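*Asks:* Handing over protein38.txt, compact mmCIF, C-alpha atoms and all ligand atoms.
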```
# COMPACT_ATOMS: atom_id res chain seq x y z
CA MET C 227 -62.97 -36.81 52.08
CA ASN C 228 -65.16 -33.76 51.65
CA ASP C 229 -67.15 -34.12 48.41
CA HIS C 230 -67.01 -30.37 47.87
CA GLN C 231 -63.25 -30.18 47.76
CA PRO C 232 -62.19 -29.21 44.23
CA ARG C 233 -60.58 -32.04 42.35
CA LYS C 234 -56.79 -31.90 42.30
CA LEU C 235 -55.91 -31.97 38.65
CA ILE C 236 -52.87 -33.20 36.81
CA ILE C 237 -51.83 -30.54 34.32
CA ALA C 238 -49.23 -31.31 31.65
CA VAL C 239 -47.32 -28.49 29.95
CA ASP C 240 -45.11 -29.65 27.08
CA GLY C 241 -43.17 -27.88 24.39
CA PRO C 242 -39.71 -26.96 23.16
CA ALA C 243 -37.17 -24.75 24.95
CA GLY C 244 -38.00 -21.08 24.92
CA ALA C 245 -41.74 -21.49 24.29
CA GLY C 246 -42.48 -20.09 27.75
CA LYS C 247 -43.40 -23.33 29.57
CA SER C 248 -41.62 -22.55 32.82
CA THR C 249 -43.18 -19.15 33.28
CA ILE C 250 -46.66 -20.33 32.45
CA ALA C 251 -46.38 -23.52 34.51
CA SER C 252 -45.11 -21.70 37.59
CA ARG C 253 -47.64 -18.87 37.36
CA LEU C 254 -50.47 -21.35 36.86
CA ALA C 255 -49.31 -23.51 39.77
CA ARG C 256 -49.15 -20.46 42.04
CA LYS C 257 -52.66 -19.36 41.08
CA LEU C 258 -54.12 -22.80 41.71
CA GLY C 259 -52.06 -23.56 44.81
CA TYR C 260 -50.54 -26.52 42.94
CA THR C 261 -47.01 -27.87 42.86
CA ASN C 262 -44.93 -27.04 39.79
CA LEU C 263 -42.53 -29.80 38.76
CA GLU C 264 -39.86 -29.16 36.13
CA SER C 265 -39.20 -32.63 34.73
CA GLY C 266 -36.28 -31.38 32.61
CA ALA C 267 -34.35 -30.64 35.79
CA MET C 268 -34.25 -34.38 36.49
CA TYR C 269 -32.57 -35.13 33.14
CA ARG C 270 -30.20 -32.27 33.91
CA ALA C 271 -29.34 -33.75 37.33
CA LEU C 272 -28.54 -37.12 35.76
CA ALA C 273 -26.38 -35.46 33.10
CA LEU C 274 -24.48 -33.64 35.86
CA LYS C 275 -23.87 -36.89 37.69
CA ALA C 276 -22.62 -38.47 34.45
CA ILE C 277 -20.16 -35.60 34.06
CA GLU C 278 -18.98 -35.98 37.66
CA TRP C 279 -18.56 -39.75 37.29
CA ASP C 280 -17.01 -39.46 33.86
CA ILE C 281 -19.72 -41.54 32.20
CA SER C 282 -20.33 -41.05 28.49
CA PHE C 283 -23.67 -39.50 27.48
CA ASP C 284 -23.86 -42.29 24.88
CA ASP C 285 -23.49 -45.21 27.33
CA GLU C 286 -27.10 -46.21 27.94
CA ASP C 287 -26.25 -49.14 30.26
CA ALA C 288 -24.06 -47.07 32.54
CA LEU C 289 -26.51 -44.16 32.54
CA ALA C 290 -29.45 -46.42 33.42
CA LYS C 291 -27.43 -47.90 36.28
CA LEU C 292 -26.42 -44.45 37.41
CA ALA C 293 -30.05 -43.34 37.44
CA HIS C 294 -31.08 -46.35 39.53
CA ASN C 295 -28.42 -45.43 42.07
CA SER C 296 -29.37 -41.77 42.24
CA ARG C 297 -31.74 -39.73 44.33
CA ILE C 298 -33.08 -36.81 42.34
CA GLN C 299 -35.51 -34.53 44.13
CA LEU C 300 -37.39 -31.45 43.00
CA GLU C 301 -38.46 -28.99 45.67
CA PRO C 302 -40.81 -26.28 44.43
CA THR C 303 -39.93 -22.74 45.58
CA SER C 304 -41.33 -19.35 44.58
CA THR C 305 -38.54 -18.98 42.01
CA GLY C 306 -38.65 -22.44 40.43
CA ASN C 307 -37.58 -25.89 41.49
CA ARG C 308 -34.71 -26.49 43.85
CA VAL C 309 -32.86 -29.51 42.47
CA LEU C 310 -31.24 -31.99 44.82
CA LEU C 311 -28.90 -34.69 43.55
CA ASP C 312 -28.13 -37.30 46.21
CA GLY C 313 -28.96 -34.68 48.82
CA HIS C 314 -26.80 -31.90 47.33
CA ASP C 315 -28.24 -28.68 46.00
CA VAL C 316 -27.32 -28.51 42.29
CA THR C 317 -29.97 -25.96 41.26
CA GLN C 318 -27.53 -23.48 39.74
CA ARG C 319 -25.08 -25.99 38.36
CA VAL C 320 -27.68 -27.87 36.29
CA ARG C 321 -28.43 -24.70 34.30
CA GLU C 322 -24.90 -24.48 32.91
CA THR C 323 -24.12 -25.15 29.27
CA ASP C 324 -22.39 -28.53 29.59
CA VAL C 325 -25.28 -29.91 31.63
CA THR C 326 -27.90 -28.47 29.27
CA GLU C 327 -26.26 -30.23 26.34
CA GLY C 328 -25.83 -33.42 28.42
CA ALA C 329 -29.49 -33.46 29.50
CA SER C 330 -30.63 -33.52 25.91
CA ARG C 331 -28.19 -36.34 25.15
CA VAL C 332 -28.96 -38.59 28.14
CA SER C 333 -32.68 -38.16 27.49
CA VAL C 334 -32.54 -40.07 24.17
CA HIS C 335 -32.01 -43.41 25.95
CA PRO C 336 -35.15 -45.52 26.50
CA ARG C 337 -33.91 -47.03 29.79
CA VAL C 338 -33.08 -43.62 31.19
CA ARG C 339 -36.52 -42.39 30.20
CA GLU C 340 -38.18 -45.42 31.77
CA TRP C 341 -36.61 -44.57 35.12
CA MET C 342 -37.44 -40.87 34.83
CA VAL C 343 -41.04 -41.49 33.81
CA ALA C 344 -41.60 -43.86 36.75
CA ARG C 345 -40.21 -41.28 39.23
CA GLN C 346 -42.28 -38.51 37.66
CA GLN C 347 -45.43 -40.61 37.85
CA GLU C 348 -44.78 -41.22 41.56
CA MET C 349 -44.21 -37.52 42.18
CA GLY C 350 -47.43 -36.46 40.49
CA ALA C 351 -49.70 -39.35 41.44
CA GLY C 352 -51.66 -37.39 44.05
CA GLY C 353 -52.65 -34.64 41.57
CA GLY C 354 -52.54 -30.93 42.31
CA ILE C 355 -49.53 -30.60 40.04
CA VAL C 356 -48.44 -28.73 36.96
CA MET C 357 -45.65 -30.78 35.37
CA GLU C 358 -43.69 -29.34 32.49
CA GLY C 359 -41.48 -31.17 30.04
CA ARG C 360 -41.49 -32.82 26.64
CA ASP C 361 -43.47 -36.04 27.13
CA ILE C 362 -45.75 -35.30 30.08
CA GLY C 363 -49.00 -35.40 28.10
CA THR C 364 -47.90 -38.29 25.90
CA LYS C 365 -46.00 -40.64 28.24
CA VAL C 366 -45.82 -39.56 31.87
CA PHE C 367 -49.50 -38.70 32.29
CA PRO C 368 -51.32 -39.71 29.08
CA ARG C 369 -54.56 -39.31 31.07
CA ALA C 370 -53.70 -35.88 32.46
CA ASP C 371 -56.78 -33.72 33.10
CA VAL C 372 -55.38 -30.79 31.14
CA LYS C 373 -52.72 -30.91 28.43
CA ILE C 374 -51.08 -27.85 27.01
CA PHE C 375 -48.57 -27.84 24.17
CA LEU C 376 -46.84 -24.51 24.07
CA ASP C 377 -44.83 -23.61 20.99
CA ALA C 378 -43.44 -20.47 19.35
CA ASP C 379 -41.55 -19.44 16.28
CA PRO C 380 -37.97 -20.83 16.46
CA VAL C 381 -36.37 -17.42 16.06
CA VAL C 382 -38.45 -16.02 18.91
CA ARG C 383 -37.65 -19.01 21.10
CA GLU C 384 -33.95 -18.61 20.46
CA GLN C 385 -34.11 -14.94 21.37
CA ARG C 386 -35.99 -15.73 24.59
CA ARG C 387 -33.59 -18.47 25.61
CA LEU C 388 -30.53 -16.33 24.94
CA GLN C 389 -32.10 -13.49 26.88
CA GLN C 390 -32.88 -15.87 29.77
CA GLN C 391 -29.27 -17.05 29.79
CA LYS C 392 -28.04 -13.48 29.89
CA LEU C 393 -30.31 -12.66 32.81
CA SER C 394 -29.25 -15.74 34.76
CA GLY C 395 -25.65 -14.64 34.21
CA GLY C 396 -24.26 -18.09 33.34
CA ALA C 397 -20.59 -18.02 32.38
CA ALA C 398 -20.66 -19.83 29.05
CA GLN C 399 -23.80 -19.55 26.95
CA LEU C 400 -25.39 -21.79 24.38
CA THR C 401 -25.31 -20.30 20.92
CA ALA C 402 -28.37 -20.16 18.73
CA ALA C 403 -26.92 -23.02 16.66
CA GLU C 404 -26.50 -25.20 19.76
CA LEU C 405 -30.06 -24.44 20.81
CA ARG C 406 -31.29 -25.51 17.38
CA LEU C 407 -29.34 -28.74 17.60
CA ARG C 408 -30.80 -29.55 21.02
CA ASP C 409 -34.25 -28.77 19.72
CA LYS C 410 -33.77 -31.09 16.78
CA ARG C 411 -32.49 -33.89 19.01
CA ASP C 412 -35.49 -33.54 21.36
CA ARG C 413 -37.93 -33.62 18.45
CA THR C 414 -36.41 -36.45 16.44
CA ARG C 415 -35.21 -38.99 19.03
CA ALA C 416 -36.70 -42.45 18.60
CA THR C 417 -38.16 -42.74 22.10
CA SER C 418 -40.80 -40.24 23.22
CA PRO C 419 -39.84 -37.42 20.91
CA LEU C 420 -41.28 -34.00 21.58
CA VAL C 421 -44.74 -34.10 19.99
CA ALA C 422 -48.08 -32.69 21.02
CA ALA C 423 -50.55 -35.19 22.45
CA PRO C 424 -53.55 -35.43 20.12
CA ASP C 425 -55.80 -34.09 22.88
CA ALA C 426 -53.51 -31.20 23.91
CA LEU C 427 -54.50 -27.57 23.59
CA LEU C 428 -51.96 -26.12 21.14
CA LEU C 429 -50.88 -22.60 21.94
CA ASP C 430 -48.44 -20.60 19.86
CA SER C 431 -46.94 -17.93 22.06
CA THR C 432 -45.06 -16.14 19.25
CA SER C 433 -47.27 -13.11 19.35
CA MET C 434 -49.17 -13.73 22.57
CA SER C 435 -48.28 -12.09 25.87
CA GLU C 436 -47.64 -14.23 28.94
CA ASP C 437 -50.94 -13.00 30.37
CA GLU C 438 -52.84 -14.01 27.25
CA VAL C 439 -51.36 -17.51 27.31
CA LEU C 440 -52.11 -17.87 31.00
CA GLN C 441 -55.67 -16.73 30.47
CA LYS C 442 -56.28 -19.40 27.80
CA VAL C 443 -54.81 -22.09 29.99
CA GLU C 444 -56.83 -20.96 32.98
CA GLU C 445 -60.04 -21.06 30.95
CA LEU C 446 -59.39 -24.70 30.17
CA VAL C 447 -58.55 -25.52 33.77
CA ARG C 448 -61.68 -23.81 35.10
CA LYS C 449 -63.77 -25.78 32.62
CA LYS C 450 -62.26 -29.02 33.91
CA LEU C 451 -62.89 -28.02 37.50
CA GLY C 452 -66.50 -27.30 36.59
O1 LIG H 501 -36.78 -28.41 29.95
P1 LIG H 501 -35.28 -28.47 30.02
O2 LIG H 501 -34.61 -27.52 29.07
O3 LIG H 501 -34.77 -28.31 31.42
O4 LIG H 501 -34.91 -29.97 29.56
C1 LIG H 501 -33.59 -30.41 29.44
C2 LIG H 501 -33.54 -31.60 28.49
O5 LIG H 501 -34.19 -32.71 29.09
C3 LIG H 501 -34.21 -31.39 27.15
O6 LIG H 501 -33.27 -31.01 26.17
C4 LIG H 501 -34.84 -32.71 26.82
C5 LIG H 501 -34.95 -33.44 28.12
N1 LIG H 501 -36.30 -33.62 28.61
C6 LIG H 501 -37.00 -34.72 28.17
O7 LIG H 501 -36.49 -35.46 27.34
N2 LIG H 501 -38.22 -34.98 28.66
C7 LIG H 501 -38.80 -34.17 29.56
N3 LIG H 501 -40.02 -34.46 30.05
C8 LIG H 501 -38.11 -33.02 30.01
C9 LIG H 501 -36.86 -32.76 29.49
```
As structure tokens - that is how I would like this structure written.
Ligand code: DC

*Replies:*
Amino acid sequence: MNDHQPRKLIIAVDGPAGAGKSTIASRLARKLGYTNLESGAMYRALALKAIEWDISFDDEDALAKLAHNSRIQLEPTSTGNRVLLDGHDVTQRVRETDVTEGASRVSVHPRVREWMVARQQEMGAGGGIVMEGRDIGTKVFPRADVKIFLDADPVVREQRRLQQQKLSGGAAQLTAAELRLRDKRDRTRATSPLVAAPDALLLDSTSMSEDEVLQKVEELVRKKLG
């Protein structure tokens, strides 16, 4: 391999819903020519399959088995990840309210997480990726080259998420109260709760523009690349 090739970094972007992870991760990936992987879409795909197979979100055994018998693929596109579940395109469907709620519930189970983390580690092993989620810097890639933890004031995050839902034109929409509940579940679950890795750069996007956040992240990346 050419010694002068820039190193292909692993960049972890974690944080709660509505903090702006997706936008920052996809813009950063585009700038660097990296692949953006939305790990949450994998939990969403499993939740969808559980709905289709009539499996309870609380049945860890059945969900772990279901995961082992599933093929969940993420295909980066210019407008986000295309999500394939057993070869079928479920990109739109996994953004609907029932799946959003389900994703948060299936993700509390350690054996589900074990399967997801292993798949995510395989997907990102070669580097040149920006992976976003809740536990990327703590569990999936604890040795990631760059770790960002993006947060924002809860009221602002709720407004952003509701606005996003409006724009995407989903039929039913999560209420602010449902968003708060999902947030709480993600932060307080026993296994891999949403927390910042001790070595993550903490960014609060409440009063920062997207460009300002991106600039900070880019500074850190450039430093790593030397
Ligand atoms: O990022 P998202 O909204 O698509 O994530 C959906 C759910 O999946 C979220 O409520 C928690 C879970 N999740 C997780 O537990 N770990 C991740 N790395 C990504 C998402």

*Asks:* Could you report the residues within 7 Å of ligand LIG 501 (chain H), using only C-alpha atoms and all ligand atoms, as a PDB file with C-alpha atoms, in the coordinates of the input?

*Replies:*
```pdb
ATOM      1  CA  ALA C 243     -37.170 -24.750  24.950  1.00  0.00           C
ATOM      2  CA  GLU C 264     -39.860 -29.160  36.130  1.00  0.00           C
ATOM      3  CA  SER C 265     -39.200 -32.630  34.730  1.00  0.00           C
ATOM      4  CA  GLY C 266     -36.280 -31.380  32.610  1.00  0.00           C
ATOM      5  CA  ALA C 267     -34.350 -30.640  35.790  1.00  0.00           C
ATOM      6  CA  TYR C 269     -32.570 -35.130  33.140  1.00  0.00           C
ATOM      7  CA  ARG C 270     -30.200 -32.270  33.910  1.00  0.00           C
ATOM      8  CA  THR C 326     -27.900 -28.470  29.270  1.00  0.00           C
ATOM      9  CA  ALA C 329     -29.490 -33.460  29.500  1.00  0.00           C
ATOM     10  CA  SER C 330     -30.630 -33.520  25.910  1.00  0.00           C
ATOM     11  CA  SER C 333     -32.680 -38.160  27.490  1.00  0.00           C
ATOM     12  CA  VAL C 334     -32.540 -40.070  24.170  1.00  0.00           C
ATOM     13  CA  GLU C 358     -43.690 -29.340  32.490  1.00  0.00           C
ATOM     14  CA  GLY C 359     -41.480 -31.170  30.040  1.00  0.00           C
ATOM     15  CA  ARG C 360     -41.490 -32.820  26.640  1.00  0.00           C
ATOM     16  CA  ASP C 361     -43.470 -36.040  27.130  1.00  0.00           C
ATOM     17  CA  ILE C 362     -45.750 -35.300  30.080  1.00  0.00           C
ATOM     18  CA  ARG C 408     -30.800 -29.550  21.020  1.00  0.00           C
ATOM     19  CA  ASP C 409     -34.250 -28.770  19.720  1.00  0.00           C
ATOM     20  CA  ASP C 412     -35.490 -33.540  21.360  1.00  0.00           C
TER      21      ASP C 412
END
```

*Asks:* Counting all atoms listed in the file, figure out which residue out of C:Lys257, C:Lys449, C:Arg321, C:Arg308 gets nearest to Ala273 of chain C.

*Replies:*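 The answer is C:Arg321, which sits nearest to Ala273 of chain C.
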
*Asks:* Env of segment 234-239 of chain C: 9 Å cut, atoms = only C-alpha atoms, seq-sep filter 2 positions within chain, self excluded. Answer as a ChimeraX atom specification.

*Replies:* /C:231-232,241,247-248,250-251,260,350-363,366-367,369-376,426,447,450-451

*Asks:* When you count all atoms listed in the file, which of these residues is closest to Ala423 of chain C: C:Thr401, C:Pro368, C:Arg331, C:Leu407?

*Replies:*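 Smallest distance to Ala423 of chain C is found for C:Pro368.
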
*Asks:* Could you tell me how far atom CA of Gly244 of chain C sits from atom CA of Gln390 of chain C, in Å to one decimal place?

*Replies:*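 Separation of atom CA of Gln390 of chain C and atom CA of Gly244 of chain C: 8.8 Å.
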
*Asks:* Quick one: residues within 12 Å of Val381 of chain C, only C-alpha atoms counted, chain neighbours fewer than 4 positions away excluded, as a ChimeraX atom specification?

*Replies:* /C:243-245,377,385-388,402-403,405-406,432

*Asks:* Would you write out those residues with C-alpha atoms, as an mmCIF file, keeping the file's coordinate frame?

*Replies:*
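out28.cif was written with the following content:
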```
data_model
loop_
_atom_site.group_PDB
_atom_site.id
_atom_site.type_symbol
_atom_site.label_atom_id
_atom_site.label_comp_id
_atom_site.auth_asym_id
_atom_site.auth_seq_id
_atom_site.Cartn_x
_atom_site.Cartn_y
_atom_site.Cartn_z
ATOM 1 C CA ALA C 243 -37.170 -24.750 24.950
ATOM 2 C CA GLY C 244 -38.000 -21.080 24.920
ATOM 3 C CA ALA C 245 -41.740 -21.490 24.290
ATOM 4 C CA ASP C 377 -44.830 -23.610 20.990
ATOM 5 C CA GLN C 385 -34.110 -14.940 21.370
ATOM 6 C CA ARG C 386 -35.990 -15.730 24.590
ATOM 7 C CA ARG C 387 -33.590 -18.470 25.610
ATOM 8 C CA LEU C 388 -30.530 -16.330 24.940
ATOM 9 C CA ALA C 402 -28.370 -20.160 18.730
ATOM 10 C CA ALA C 403 -26.920 -23.020 16.660
ATOM 11 C CA LEU C 405 -30.060 -24.440 20.810
ATOM 12 C CA ARG C 406 -31.290 -25.510 17.380
ATOM 13 C CA THR C 432 -45.060 -16.140 19.250
#
```

*Asks:* To one decimal in Å, tell me the separation between atom CA of Ala271 of chain C and atom CA of Val309 of chain C.

*Replies:*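 Taking atom CA of Ala271 of chain C and atom CA of Val309 of chain C, their separation equals 7.5 Å.
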
*Asks:* Point out the residue among C:Ala290, C:Met268, C:Leu263, C:Ala378 with the least atom-to-atom distance to Leu429 of chain C, counting all atoms listed in the file.

*Replies:* C:Ala378

*Asks:* Name the closest residue to Asp280 of chain C among the candidates C:Gly328, C:Ser433, C:Ser252, C:Val320; distances are taken between atoms, counting all atoms listed in the file.

*Replies:*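 Among C:Gly328, C:Ser433, C:Ser252, C:Val320, it is C:Gly328 that comes nearest to Asp280 of chain C.
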
*Asks:* So which residues touch Ser296 of chain C within 9 Å, counting all atoms listed in the file, skipping near sequence neighbours fewer than 2 positions away, as number ranges by chain?

*Replies:* C: 272, 275, 291-294, 298, 311-312

*Asks:* Identify which of the residues C:Arg383, C:Gln318, C:Arg448, C:Lys410 lies closest to Asp430 of chain C, counting only C-alpha atoms when measuring atom-to-atom distances.

*Replies:*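 Closest residue, counting only C-alpha atoms: C:Arg383.
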
*Asks:* I'd like to know which of C:Arg256, C:Thr317, C:Phe283, C:Pro336 is closest to Ser304 of chain C, using only C-alpha atoms.

*Replies:*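 Smallest separation from Ser304 of chain C among the options: C:Arg256.
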
*Asks:* Could you jot down the atom CA of Val332 of chain C to atom CA of Gln347 of chain C separation for me, Å, one decimal place?

*Replies:*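 Separation between atom CA of Val332 of chain C and atom CA of Gln347 of chain C: 19.2 Å.
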
*Asks:* I'd like the box whose edges run along x, y and z of the file and which contains every listed atom of segment 271-287 of chain C, padded by 6 Å per side; could you state its centre and edge lengths in Å, one decimal, as JSON?

*Replies:*
```
{"center_x": -23.2, "center_y": -41.4, "center_z": 31.3, "size_x": 24.3, "size_y": 27.5, "size_z": 24.8}
```
